[in-house]
Structures are given as C-alpha cells and as structure tokens.
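The structure file work-v7.csv is reproduced below (CSV, C-alpha atoms).
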chain,number,residue,atom,x,y,z
A,1,MET,CA,30.4,-17.4,-17.9
A,2,ALA,CA,28.2,-15.4,-15.5
A,3,ARG,CA,24.5,-14.7,-16.0
A,4,ILE,CA,23.3,-11.4,-14.5
A,5,LEU,CA,19.6,-11.2,-14.1
A,6,ILE,CA,18.0,-7.7,-13.8
A,7,LEU,CA,14.4,-7.5,-12.6
A,8,GLY,CA,12.7,-4.3,-13.6
A,9,GLY,CA,13.1,-2.0,-16.5
A,10,GLY,CA,12.6,1.3,-14.7
A,11,SER,CA,15.4,3.9,-14.3
A,12,GLY,CA,17.4,1.6,-12.0
A,13,GLY,CA,17.3,-1.5,-14.0
A,14,LEU,CA,17.8,0.4,-17.3
A,15,VAL,CA,21.0,2.0,-16.0
A,16,VAL,CA,22.4,-1.2,-14.7
A,17,ALA,CA,21.7,-3.0,-18.0
A,18,ASN,CA,23.4,-0.2,-20.0
A,19,LYS,CA,26.5,0.0,-17.8
A,20,LEU,CA,27.0,-3.7,-17.7
A,21,ALA,CA,26.5,-4.0,-21.5
A,22,ARG,CA,29.2,-1.4,-22.1
A,23,GLY,CA,31.6,-2.8,-19.4
A,24,LEU,CA,31.2,-6.5,-20.5
A,25,ARG,CA,31.2,-5.9,-24.2
A,26,GLY,CA,33.1,-8.8,-25.8
A,27,ALA,CA,33.2,-10.8,-22.6
A,28,ASP,CA,31.6,-14.2,-22.2
A,29,HIS,CA,28.8,-13.1,-19.9
A,30,GLU,CA,25.0,-13.0,-20.3
A,31,ILE,CA,22.8,-10.0,-19.3
A,32,LEU,CA,19.0,-10.5,-19.0
A,33,LEU,CA,16.4,-7.9,-18.1
A,34,VAL,CA,12.8,-8.8,-17.1
A,35,ASP,CA,9.9,-6.4,-17.0
A,36,ARG,CA,6.1,-6.8,-17.2
A,37,SER,CA,5.8,-4.0,-19.8
A,38,PRO,CA,7.3,-4.0,-23.3
A,39,TYR,CA,8.2,-0.3,-22.7
A,40,HIS,CA,10.3,1.9,-20.5
A,41,TYR,CA,8.3,4.9,-19.5
A,42,PHE,CA,9.8,8.3,-18.5
A,43,MET,CA,7.7,8.8,-15.4
A,44,PRO,CA,8.6,12.4,-14.7
A,45,SER,CA,6.6,13.3,-17.8
A,46,PHE,CA,3.4,11.6,-16.7
A,47,PRO,CA,1.9,15.0,-15.4
A,48,TRP,CA,2.5,16.4,-18.9
A,49,VAL,CA,0.5,13.5,-20.3
A,50,ALA,CA,-2.3,14.2,-17.8
A,51,LEU,CA,-2.4,17.9,-18.9
A,52,GLY,CA,-2.3,17.0,-22.6
A,53,PHE,CA,1.2,18.4,-23.3
A,54,LYS,CA,2.5,15.0,-24.2
A,55,GLU,CA,1.1,11.7,-25.6
A,56,PRO,CA,1.9,8.3,-24.1
A,57,GLU,CA,4.0,7.3,-27.2
A,58,GLN,CA,6.2,10.3,-26.7
A,59,VAL,CA,7.2,9.3,-23.1
A,60,ARG,CA,8.1,5.7,-23.7
A,61,ARG,CA,10.5,3.6,-25.7
A,62,PRO,CA,10.6,-0.2,-26.4
A,63,LEU,CA,12.8,-2.1,-23.9
A,64,LYS,CA,13.7,-4.4,-26.8
A,65,ASN,CA,16.0,-1.6,-28.0
A,66,LEU,CA,18.4,-2.9,-25.3
A,67,GLU,CA,19.0,-6.0,-27.4
A,68,ARG,CA,21.1,-4.0,-29.9
A,69,LYS,CA,23.5,-3.5,-27.0
A,70,GLY,CA,23.6,-7.2,-26.1
A,71,VAL,CA,21.0,-7.3,-23.3
A,72,ARG,CA,18.3,-10.0,-23.7
A,73,VAL,CA,14.9,-8.6,-22.8
A,74,ILE,CA,12.1,-10.8,-21.4
A,75,GLN,CA,8.6,-9.4,-21.1
A,76,GLY,CA,7.0,-11.2,-18.1
A,77,GLU,CA,5.7,-11.1,-14.6
A,78,VAL,CA,8.1,-11.8,-11.8
A,79,GLN,CA,6.2,-14.4,-9.7
A,80,GLU,CA,8.7,-15.7,-7.2
A,81,ILE,CA,12.4,-15.2,-6.3
A,82,ARG,CA,14.0,-18.3,-4.9
A,83,ILE,CA,17.3,-17.1,-3.6
A,84,PRO,CA,18.6,-20.4,-2.1
A,85,GLU,CA,18.2,-22.0,-5.6
A,86,LYS,CA,19.3,-18.9,-7.5
A,87,ARG,CA,16.2,-19.0,-9.6
A,88,VAL,CA,13.4,-16.5,-10.5
A,89,ARG,CA,10.0,-17.6,-11.7
A,90,VAL,CA,8.8,-15.6,-14.6
A,91,ASN,CA,5.6,-16.4,-16.6
A,92,GLY,CA,5.6,-19.9,-15.1
A,93,GLU,CA,9.2,-20.7,-16.1
A,94,ASP,CA,12.4,-20.6,-14.0
A,95,LEU,CA,15.3,-18.4,-14.9
A,96,SER,CA,18.7,-19.1,-13.2
A,97,TYR,CA,21.2,-16.5,-12.3
A,98,ASP,CA,24.7,-16.0,-10.9
A,99,LEU,CA,24.1,-12.3,-9.8
A,100,LEU,CA,20.7,-10.8,-9.4
A,101,VAL,CA,19.7,-7.1,-9.4
A,102,VAL,CA,16.2,-6.4,-8.1
A,103,SER,CA,14.8,-3.0,-9.2
A,104,LEU,CA,11.1,-3.7,-9.2
A,105,GLY,CA,10.1,-0.3,-7.7
A,106,ALA,CA,7.0,0.5,-5.8
A,107,GLU,CA,3.5,-0.3,-6.9
A,108,VAL,CA,0.5,2.0,-6.5
A,109,LYS,CA,-2.3,0.5,-4.5
A,110,PRO,CA,-5.4,2.8,-4.8
A,111,ASP,CA,-7.6,0.2,-3.2
A,112,LEU,CA,-5.8,0.7,0.1
A,113,MET,CA,-7.6,4.0,0.6
A,114,PRO,CA,-11.4,3.9,1.0
A,115,GLY,CA,-13.2,5.9,-1.6
A,116,PHE,CA,-10.3,6.3,-4.0
A,117,GLU,CA,-12.5,5.4,-7.0
A,118,VAL,CA,-13.5,9.1,-7.3
A,119,ALA,CA,-10.0,10.4,-7.3
A,120,TYR,CA,-7.5,10.8,-10.2
A,121,HIS,CA,-3.8,10.6,-10.4
A,122,PRO,CA,-0.8,10.6,-12.9
A,123,TRP,CA,1.3,8.0,-11.1
A,124,THR,CA,0.7,5.5,-13.9
A,125,ILE,CA,0.2,6.1,-17.6
A,126,GLU,CA,-3.4,4.8,-17.4
A,127,GLY,CA,-4.0,7.1,-14.5
A,128,ALA,CA,-2.6,10.1,-16.3
A,129,LEU,CA,-4.9,9.5,-19.3
A,130,ARG,CA,-7.9,9.2,-16.9
A,131,MET,CA,-6.9,12.4,-15.2
A,132,ARG,CA,-6.6,14.2,-18.5
A,133,GLU,CA,-10.2,13.4,-19.3
A,134,ALA,CA,-11.3,14.7,-15.9
A,135,ILE,CA,-9.4,18.0,-16.4
A,136,ARG,CA,-10.9,18.3,-19.9
A,137,ARG,CA,-14.4,18.1,-18.4
A,138,PHE,CA,-13.6,20.5,-15.5
A,139,GLN,CA,-15.3,23.9,-15.9
A,140,GLY,CA,-14.5,25.4,-12.5
A,141,GLY,CA,-14.8,24.7,-8.8
A,142,ARG,CA,-12.5,23.4,-6.1
A,143,ILE,CA,-9.5,21.2,-7.0
A,144,VAL,CA,-7.9,19.3,-4.1
A,145,ILE,CA,-4.5,17.7,-4.5
A,146,GLY,CA,-4.1,15.2,-1.7
A,147,VAL,CA,-1.4,12.8,-0.5
A,148,SER,CA,-2.2,9.3,0.8
A,149,GLY,CA,0.9,8.9,2.9
A,150,PRO,CA,4.5,10.0,3.5
A,151,TYR,CA,6.0,7.5,1.0
A,152,TYR,CA,5.4,7.9,-2.7
A,153,ARG,CA,7.3,8.2,-6.0
A,154,CYS,CA,8.7,11.7,-6.7
A,155,PRO,CA,8.1,13.7,-3.5
A,156,PRO,CA,7.9,17.1,-5.4
A,157,ALA,CA,5.2,15.9,-7.8
A,158,PRO,CA,2.1,17.2,-6.0
A,159,TYR,CA,3.6,20.7,-5.9
A,160,GLU,CA,4.4,20.5,-9.6
A,161,ILE,CA,0.9,19.4,-10.4
A,162,ALA,CA,-0.6,22.3,-8.4
A,163,GLY,CA,1.5,24.8,-10.4
A,164,GLN,CA,0.9,23.2,-13.7
A,165,LEU,CA,-2.9,23.1,-13.1
A,166,ASP,CA,-2.8,26.8,-12.2
A,167,PHE,CA,-1.1,27.5,-15.5
A,168,ALA,CA,-3.4,25.3,-17.5
A,169,LEU,CA,-6.6,26.8,-15.9
A,170,ARG,CA,-5.4,30.3,-16.7
A,171,ALA,CA,-4.8,29.3,-20.3
A,172,ARG,CA,-8.4,28.1,-20.4
A,173,ARG,CA,-9.7,31.2,-18.6
A,174,LEU,CA,-11.1,29.1,-15.8
A,175,ARG,CA,-8.7,30.2,-13.0
A,176,ASP,CA,-11.0,32.9,-11.6
A,177,LYS,CA,-13.7,30.2,-11.3
A,178,SER,CA,-11.4,27.7,-9.6
A,179,GLU,CA,-9.7,27.1,-6.3
A,180,ILE,CA,-6.6,24.9,-5.8
A,181,ILE,CA,-5.8,23.3,-2.4
A,182,LEU,CA,-2.8,21.1,-1.7
A,183,ALA,CA,-3.2,19.0,1.4
A,184,HIS,CA,0.0,17.3,2.6
A,185,PRO,CA,1.3,15.5,5.7
A,186,HIS,CA,4.3,17.9,5.8
A,187,PRO,CA,3.8,21.1,7.9
A,188,GLN,CA,5.2,23.3,5.1
A,189,PRO,CA,5.8,22.6,1.4
A,190,LEU,CA,8.7,20.2,1.0
A,191,SER,CA,9.7,21.0,4.6
A,192,ALA,CA,11.7,17.7,4.8
A,193,MET,CA,14.2,19.3,2.3
A,194,GLY,CA,14.9,22.3,4.6
A,195,PRO,CA,14.0,26.0,4.7
A,196,ALA,CA,15.8,27.1,1.5
A,197,ILE,CA,13.7,24.8,-0.8
A,198,SER,CA,10.6,25.0,1.3
A,199,GLY,CA,10.7,28.8,1.2
A,200,VAL,CA,11.0,29.0,-2.6
A,201,ILE,CA,8.2,26.5,-3.1
A,202,SER,CA,5.9,28.3,-0.6
A,203,GLU,CA,6.6,31.5,-2.5
A,204,ILE,CA,5.6,29.9,-5.8
A,205,LEU,CA,2.4,28.4,-4.4
A,206,ALA,CA,1.4,31.7,-2.9
A,207,SER,CA,2.1,33.6,-6.2
A,208,LYS,CA,-0.3,31.1,-7.9
A,209,ASP,CA,-2.9,31.4,-5.1
A,210,VAL,CA,-2.6,27.7,-4.2
A,211,ARG,CA,-3.6,27.1,-0.6
A,212,PHE,CA,-1.4,24.7,1.3
A,213,GLU,CA,-3.1,22.6,4.0
A,214,GLY,CA,-0.2,21.2,6.1
A,215,ASN,CA,-0.1,18.4,8.6
A,216,PHE,CA,-3.0,16.8,6.8
A,217,ASN,CA,-2.8,13.0,7.0
A,218,ALA,CA,-5.5,11.6,4.7
A,219,LYS,CA,-7.3,8.5,5.9
A,220,ALA,CA,-10.3,8.2,3.5
A,221,ILE,CA,-12.4,9.8,0.8
A,222,ASP,CA,-16.1,10.1,1.2
A,223,PRO,CA,-17.5,9.7,-2.4
A,224,GLU,CA,-21.0,10.7,-1.6
A,225,ARG,CA,-20.2,13.9,0.3
A,226,ARG,CA,-17.2,14.5,-1.9
A,227,VAL,CA,-14.8,15.3,0.9
A,228,LEU,CA,-11.3,14.2,1.7
A,229,VAL,CA,-11.1,13.1,5.4
A,230,GLY,CA,-8.0,13.5,7.6
A,231,THR,CA,-7.0,11.5,10.6
A,232,ASP,CA,-7.5,14.5,12.8
A,233,GLY,CA,-11.1,14.9,11.7
A,234,ARG,CA,-10.5,17.7,9.2
A,235,GLU,CA,-12.5,17.5,6.0
A,236,ILE,CA,-11.8,19.2,2.7
A,237,PRO,CA,-14.6,19.3,0.2
A,238,PHE,CA,-13.7,18.9,-3.5
A,239,ASP,CA,-15.2,19.1,-7.0
A,240,LEU,CA,-12.1,17.4,-8.5
A,241,LEU,CA,-9.8,15.3,-6.4
A,242,ILE,CA,-6.2,14.5,-7.5
A,243,MET,CA,-4.8,12.1,-5.0
A,244,VAL,CA,-1.4,10.5,-4.7
A,245,PRO,CA,-2.3,6.8,-4.4
A,246,PRO,CA,-0.9,4.6,-1.6
A,247,HIS,CA,2.5,3.0,-2.6
A,248,ARG,CA,3.9,-0.3,-1.5
A,249,PRO,CA,7.1,-2.2,-2.4
A,250,SER,CA,6.8,-4.8,-5.1
A,251,ALA,CA,5.7,-8.0,-3.4
A,252,ALA,CA,7.9,-10.1,-5.7
A,253,GLY,CA,11.2,-8.5,-4.8
A,254,MET,CA,11.7,-9.1,-1.1
A,255,CYS,CA,15.0,-9.9,0.5
A,256,PRO,CA,14.2,-13.1,2.3
A,257,GLY,CA,12.9,-12.5,5.9
A,258,LEU,CA,14.5,-9.1,6.3
A,259,LEU,CA,11.8,-6.4,6.1
A,260,THR,CA,11.0,-3.2,7.8
A,261,PRO,CA,7.6,-3.1,9.6
A,262,ALA,CA,6.2,-1.3,6.5
A,263,GLY,CA,7.3,-4.2,4.3
A,264,PHE,CA,10.4,-2.7,2.7
A,265,PRO,CA,13.4,-5.0,2.2
A,266,LEU,CA,16.6,-4.3,4.1
A,267,VAL,CA,19.9,-3.9,2.3
A,268,ASP,CA,23.4,-3.0,3.3
A,269,PRO,CA,23.5,0.7,2.5
A,270,LYS,CA,27.2,0.5,1.7
A,271,THR,CA,26.7,-2.1,-1.1
A,272,PHE,CA,22.9,-2.4,-1.7
A,273,ARG,CA,23.3,-6.2,-1.4
A,274,CYS,CA,20.5,-8.0,0.5
A,275,VAL,CA,21.7,-8.6,4.0
A,276,GLY,CA,23.2,-12.1,4.1
A,277,GLU,CA,22.8,-12.6,0.4
A,278,PRO,CA,26.0,-11.2,-1.4
A,279,ASP,CA,24.8,-12.3,-4.9
A,280,VAL,CA,21.5,-10.3,-4.7
A,281,PHE,CA,21.4,-6.5,-5.0
A,282,ALA,CA,18.2,-4.4,-4.5
A,283,ILE,CA,17.9,-0.8,-5.5
A,284,GLY,CA,15.4,2.0,-6.0
A,285,ASP,CA,12.0,2.8,-4.7
A,286,MET,CA,11.5,-0.7,-3.2
A,287,VAL,CA,14.3,-0.3,-0.7
A,288,ASN,CA,15.0,3.4,-0.2
A,289,PRO,CA,12.5,4.0,2.7
A,290,SER,CA,14.4,1.3,4.7
A,291,ILE,CA,17.6,3.3,4.4
A,292,ASN,CA,16.0,6.8,4.7
A,293,LEU,CA,16.4,7.8,1.1
A,294,PRO,CA,13.6,9.3,-1.1
A,295,ALA,CA,11.7,7.4,-3.7
A,296,ALA,CA,13.2,9.3,-6.7
A,297,GLY,CA,14.5,8.2,-10.1
A,298,VAL,CA,17.7,10.1,-9.7
A,299,VAL,CA,18.5,8.1,-6.5
A,300,ALA,CA,17.8,4.8,-8.2
A,301,HIS,CA,20.1,6.0,-11.1
A,302,PHE,CA,23.1,6.6,-8.8
A,303,GLN,CA,22.5,3.3,-7.0
A,304,ALA,CA,22.4,1.5,-10.3
A,305,GLU,CA,25.7,3.0,-11.4
A,306,PHE,CA,27.3,1.9,-8.1
A,307,VAL,CA,25.8,-1.6,-8.2
A,308,ALA,CA,26.9,-2.1,-11.8
A,309,ASN,CA,30.4,-0.9,-10.8
A,310,GLN,CA,30.5,-3.7,-8.1
A,311,ILE,CA,29.4,-6.3,-10.6
A,312,LEU,CA,32.0,-5.2,-13.1
A,313,ALA,CA,34.7,-5.3,-10.5
A,314,GLU,CA,33.6,-8.8,-9.4
A,315,LEU,CA,33.6,-10.1,-13.0
A,316,LYS,CA,36.6,-8.2,-14.3
A,317,GLY,CA,38.9,-8.4,-11.3
A,318,ALA,CA,39.4,-4.7,-10.7
A,319,TYR,CA,37.3,-1.8,-9.3
A,320,ILE,CA,36.0,0.4,-12.0
A,321,GLY,CA,34.1,3.6,-11.4
A,322,GLU,CA,32.9,5.8,-8.6
A,323,SER,CA,31.3,5.3,-5.1
A,324,PHE,CA,27.6,5.8,-4.4
A,325,THR,CA,26.6,9.4,-4.2
A,326,PRO,CA,23.4,9.9,-2.1
A,327,VAL,CA,22.4,13.0,-4.0
A,328,ALA,CA,18.9,13.8,-5.4
A,329,MET,CA,18.1,16.6,-7.8
A,330,CYS,CA,15.1,17.2,-10.0
A,331,ILE,CA,13.6,20.0,-12.1
A,332,MET,CA,10.3,21.0,-10.7
A,333,ASP,CA,8.0,22.3,-13.5
A,334,PHE,CA,5.3,24.8,-12.4
A,335,GLY,CA,4.1,25.6,-16.0
A,336,ASP,CA,5.4,29.1,-16.2
A,337,ASP,CA,8.2,28.7,-13.7
A,338,ALA,CA,10.7,26.1,-12.7
A,339,VAL,CA,13.1,25.3,-9.8
A,340,LEU,CA,16.1,23.0,-9.7
A,341,PRO,CA,16.6,21.8,-6.1
A,342,MET,CA,19.3,19.5,-4.9
A,343,CYS,CA,19.8,17.5,-1.7
A,344,ASP,CA,22.8,15.6,-0.3
A,345,PHE,CA,21.5,12.7,1.8
A,346,THR,CA,24.9,11.6,3.2
A,347,ARG,CA,24.0,12.5,6.8
A,348,ILE,CA,20.6,10.9,6.4
A,349,LEU,CA,22.2,7.7,5.1
A,350,ASP,CA,24.6,7.4,8.0
A,351,LEU,CA,22.0,8.7,10.6
A,352,SER,CA,24.2,11.7,11.6
A,353,GLY,CA,21.8,14.5,10.8
A,354,PRO,CA,19.4,16.1,8.3
A,355,PRO,CA,20.0,16.3,4.5
A,356,SER,CA,21.9,19.3,3.1
A,357,CYS,CA,19.6,20.9,0.5
A,358,GLY,CA,19.6,24.0,-1.6
A,359,VAL,CA,18.2,25.6,-4.7
A,360,LEU,CA,20.5,25.5,-7.7
A,361,GLY,CA,18.4,27.8,-9.9
A,362,ARG,CA,14.9,29.1,-10.6
A,363,SER,CA,13.8,30.4,-14.0
A,364,LYS,CA,11.5,29.6,-16.9
A,365,ALA,CA,14.5,28.4,-18.9
A,366,ILE,CA,15.0,25.5,-16.4
A,367,ARG,CA,11.8,24.0,-17.7
A,368,LEU,CA,13.4,23.7,-21.1
A,369,VAL,CA,16.2,21.7,-19.5
A,370,LYS,CA,13.6,19.2,-18.2
A,371,MET,CA,12.2,18.8,-21.7
A,372,MET,CA,15.7,18.3,-23.1
A,373,PHE,CA,16.6,15.8,-20.3
A,374,GLU,CA,13.8,13.5,-21.4
A,375,SER,CA,15.2,13.4,-24.9
A,376,MET,CA,18.7,12.9,-23.6
A,377,TRP,CA,17.6,10.0,-21.4
A,378,PHE,CA,16.1,8.1,-24.2
A,379,ALA,CA,19.0,8.8,-26.5
A,380,THR,CA,21.5,7.6,-23.9
A,381,TYR,CA,19.8,4.5,-22.6
A,382,LEU,CA,17.4,3.3,-25.3
A,383,SER,CA,18.7,4.4,-28.7

Output the structure of this file as structure tokens.
Amino acid sequence: MARILILGGGSGGLVVANKLARGLRGADHEILLVDRSPYHYFMPSFPWVALGFKEPEQVRRPLKNLERKGVRVIQGEVQEIRIPEKRVRVNGEDLSYDLLVVSLGAEVKPDLMPGFEVAYHPWTIEGALRMREAIRRFQGGRIVIGVSGPYYRCPPAPYEIAGQLDFALRARRLRDKSEIILAHPHPQPLSAMGPAISGVISEILASKDVRFEGNFNAKAIDPERRVLVGTDGREIPFDLLIMVPPHRPSAAGMCPGLLTPAGFPLVDPKTFRCVGEPDVFAIGDMVNPSINLPAAGVVAHFQAEFVANQILAELKGAYIGESFTPVAMCIMDFGDDAVLPMCDFTRILDLSGPPSCGVLGRSKAIRLVKMMFESMWFATYLS
C-alpha cells in the first residue's frame, strides 16, 4: 500500500486529489490532503467579492467534501518537509509518505513593500473584504492600481479590476468624479502575451478612460504624501490605492537546496519532480517562475492532471492519460465586457522562443461563462 501526501488544497492539490481518488478507487492506497484552511476558495472570484457582487461563502466549499471520495483531509500548517526521512511535520506531528505532491502556492507578503498599510488588494479573501469597505466609502478622486513586481498570481487581474471599477463607479454615478490609473512594470498592457492580446486590452482600457502607466516598477508607498513611488523616481498621487502585494513561494515547500535566486524551487519541467528527488512532485505558483510559466490556476490544473497521471502509472503499472499541456487561458471580466485569451507556452518552456497567444473571443456573453465556470468547478471537484 502506498500513501500519497498532497500539500495544499488550491487548484493544483484539489485536482491531484480528485484524479487519484478516481483512478485508485478500490485499490489499497491512501490519499491525504493537508491545507491550513478548512475551505477551498475559488480565487478568480475574489475581485467580485471586493466589489460586492459575491459573498465569501459563495466562493468557497469545505475541503472535507473530498472525504466522500476517499481522500483524508487534514487541516493544519505545514511546518517542515524532511525529504530524506519521507516525513512532513504538520501541527507538530509527523506524517509519513511514499509519494509527495507539494502544491502550496505563493504567499502574499505586503510587509515587503514599505507603506503597504495604506493600500488595498483582493489577493486574499480578507483583503477582498477590506477592499470592499474602501470602495464603499469612496466618493470620487483618483484610484491607482499598482503592481509590486513582475510575479504575482493571475497576471490579468489588475486589468480586470480596472475595468470592473469603471463599471461599478458608473453604476454609482461617480465615474465623472473619478480617475483610474493602472501602473504596471510592462511597457504595454499584457505585453508579455503578445500584440494580439495587448492590443485588445489596450482598446478596452482606452474605451473606459483608464490611463495606463507602463514601465512603472513600484518600490514604495509614501503614506503621508499618498503617492506611489517608482524605482525611476516617478510618483503617482492617489486617493485610493489598490496594490498587488509582493508574492513569495511558500517557505515550507522547498525542494532541498535547489532554488532560483528569487527563492523558487527547481523542478524537472518534463516531470515536475524535484531535481534529484523522484518521489517528490512540486507544481503551481510555487515553482512556475523557475520554469518560465505564469502563476495561473489553469497552469496548476494542467500540471496536476499530468502529475496525477504519473502517480497512477507508477502505482497501476501502465501509463494512463495525457502529457502536460503548457497552455493558459482565462476569462477576463471587465464588468460590461469580457475577453477570452489563450497562450501556448511550449516555446517558453523549452526556451526556444516567445509564447504563442491569441484572443479566442470577446463579448458580454463570455462573462456569463466565467460565472458558470465557478459553479462547474465546485460541482466537479468538491461536490
């Protein structure tokens, strides 16, 4: 009998647990999932929570629902991974494993940017609720949406927030009293995804009178003067600041001794096993920057499918399923408009060139698809 231990109940860990539960049904193996929260949150809906369109209980489901599928769920903090001993310390106790899947994601670290205490963000559920209250109090002025660095969960999110804020302020009859500025390290909106996507997003921002301040690398916030300060000396005053917080990989989930200079663990991009540790897999936001992939839930999803396939092959003696597809797609919701972009990162992954990106569609109806996808996600993985 093998014990498979999954660390993290986000999109990656959830998909691994479900696929293994289906593939090993009736077999004499044990599947454990550990997460610090009792809930799985659908993070793409956090901006909706911040704008009052959704409540927290609508965008989460209990992880304990997995136990109906044969997955044992443990709520606890991962404190230490001792790979030579094949043990993980959780809540002061040791859990042994035969195969380990680490999907602990990235953690937001607002304290890494000076002055962040005056900013708001929807990158956690608590942050989304705090941002909701700030928007409720807002009666006009300049809103600045800033980005603390090039790596953060869901690269399109700042653009969505800008569009949704424009829509919300028009509904409250405050748009003519307000200015929206989006300050980003990229030279053009989503320029890393190529001209097709960048052009469409630029057009939408212009139609909503959102000013884009490109090549802006934020280094600090001055709370007293209420300005966002860039590394090149530029300063952007604000009345309301929405800021992507600094992100760092989970400190508990490192592949031993093999890290990028920024602290991200190195994995074999062909298998997602920690280098030199064939029984340890690492996926999702905590590893993607080290292999040039974006921090996106859809990427973690495809990685999880692939890793689960490898585990099933190892335990059942035959390869079952598909190879890893380095594709990312997401529905960008701008309130009264929506875009479905897609990127193939095959050339990025093998270092042969830029990603191949395009726009699959743009319409108000696509926004409805995003709403339906949330329901489908919960029904598929946590029903």

Could you pull the residues within 10 Å of stretch 302-316 of chain A, counting only C-alpha atoms, minus those fewer than 6 positions along the same chain, as a PyMOL selection string?
-> chain A and resi 1-2+4+11-21+23-24+27+29+99-101+103+269-273+279+281-284+322-328

Choose the residue, out of A:Asn288, A:Gln188, A:Gln75, A:Ser37, that has the smallest atom-to-atom separation from A:Arg60; count only C-alpha atoms.
-> A:Ser37

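The gap separating atom CA of A:Leu7 from atom CA of A:Met286 is 12.0 Å, in Å to one decimal.
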
Around the point (16.3, 10.5, -21.5), in the coordinates given by the file, pick out the residues reaching within 12 Å, counting only C-alpha atoms, and return them as a PyMOL selection string.
-> chain A and resi 11+14-15+40-45+58-61+297-298+301+369-383

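Using all atoms listed in the file for every distance, the candidate list A:Leu240, A:Val147, A:Leu169, A:Ala196 yields A:Val147 as the residue closest to A:Asn217.
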
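Look at A:Glu107: the protein and nucleic acid residues within 7 Å of it, using only C-alpha atoms and passing over chain neighbours fewer than 6 places away, are A:His247, A:Arg248, A:Pro249, A:Ser250.
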
Interatomic distance between atom CA of A:Pro47 and atom CA of A:Ile125?
-> 9.3 Å

Between atom CA of A:Cys343 and atom CA of A:Leu266, distance in Å (one decimal) | 22.8 Å

Residues of stretch 241-311 of chain A at most 12 Å from stretch 174-184 of chain A: nearest atom pair and distance in Å, all atoms listed in the file, as a tab-separated table:
residue	atom	partner	partner_atom	distance
A:Leu241	CA	A:Ile181	CA	9.8
A:Ile242	CA	A:Leu182	CA	9.4
A:Met243	CA	A:Ala183	CA	9.5
A:Val244	CA	A:His184	CA	10.1

Take stretch 334-356 of chain A, bring it up to N, CA and C atoms, and give me the output as a short mmCIF file (atom, residue, chain, number, x, y, z; two decimals), in the frame of the given file.
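Now in out15.cif:
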data_model
loop_
_atom_site.label_atom_id
_atom_site.label_comp_id
_atom_site.auth_asym_id
_atom_site.auth_seq_id
_atom_site.Cartn_x
_atom_site.Cartn_y
_atom_site.Cartn_z
N PHE A 334 6.54 24.18 -12.90
CA PHE A 334 5.30 24.80 -12.40
C PHE A 334 4.52 25.43 -13.58
N GLY A 335 4.82 25.05 -14.81
CA GLY A 335 4.10 25.60 -16.00
C GLY A 335 4.76 26.81 -16.54
N ASP A 336 4.79 27.91 -15.77
CA ASP A 336 5.40 29.10 -16.20
C ASP A 336 6.61 29.51 -15.31
N ASP A 337 7.08 28.54 -14.55
CA ASP A 337 8.20 28.70 -13.70
C ASP A 337 8.82 27.36 -13.41
N ALA A 338 10.06 27.34 -12.99
CA ALA A 338 10.70 26.10 -12.70
C ALA A 338 11.81 26.26 -11.69
N VAL A 339 12.05 25.21 -10.91
CA VAL A 339 13.10 25.30 -9.80
C VAL A 339 13.92 24.00 -9.94
N LEU A 340 15.23 24.17 -9.69
CA LEU A 340 16.10 23.00 -9.70
C LEU A 340 16.69 22.90 -8.24
N PRO A 341 16.05 22.05 -7.40
CA PRO A 341 16.60 21.80 -6.10
C PRO A 341 17.55 20.63 -6.05
N MET A 342 18.42 20.60 -5.04
CA MET A 342 19.30 19.50 -4.90
C MET A 342 19.52 19.19 -3.39
N CYS A 343 19.57 17.91 -3.06
CA CYS A 343 19.80 17.50 -1.70
C CYS A 343 20.91 16.45 -1.62
N ASP A 344 21.79 16.62 -0.65
CA ASP A 344 22.80 15.60 -0.30
C ASP A 344 22.31 14.86 0.89
N PHE A 345 22.09 13.55 0.74
CA PHE A 345 21.50 12.70 1.80
C PHE A 345 22.58 11.94 2.57
N THR A 346 23.83 12.36 2.51
CA THR A 346 24.90 11.60 3.20
C THR A 346 24.62 11.48 4.67
N ARG A 347 24.21 12.58 5.31
CA ARG A 347 24.00 12.50 6.80
C ARG A 347 22.74 11.73 7.11
N ILE A 348 21.76 11.73 6.21
CA ILE A 348 20.60 10.90 6.40
C ILE A 348 20.97 9.42 6.34
N LEU A 349 21.80 9.08 5.36
CA LEU A 349 22.20 7.70 5.10
C LEU A 349 22.96 7.13 6.30
N ASP A 350 23.85 7.94 6.89
CA ASP A 350 24.60 7.40 8.00
C ASP A 350 24.04 7.82 9.38
N LEU A 351 22.80 8.36 9.34
CA LEU A 351 22.00 8.70 10.60
C LEU A 351 22.71 9.74 11.42
N SER A 352 23.49 10.65 10.80
CA SER A 352 24.20 11.70 11.60
C SER A 352 23.50 13.01 11.58
N GLY A 353 22.45 13.17 10.78
CA GLY A 353 21.80 14.50 10.80
C GLY A 353 20.85 14.61 9.57
N PRO A 354 20.30 15.82 9.39
CA PRO A 354 19.40 16.10 8.30
C PRO A 354 20.10 16.21 6.96
N PRO A 355 19.38 16.13 5.84
CA PRO A 355 20.00 16.30 4.50
C PRO A 355 20.47 17.77 4.36
N SER A 356 21.41 17.97 3.48
CA SER A 356 21.90 19.30 3.10
C SER A 356 21.26 19.66 1.77
#
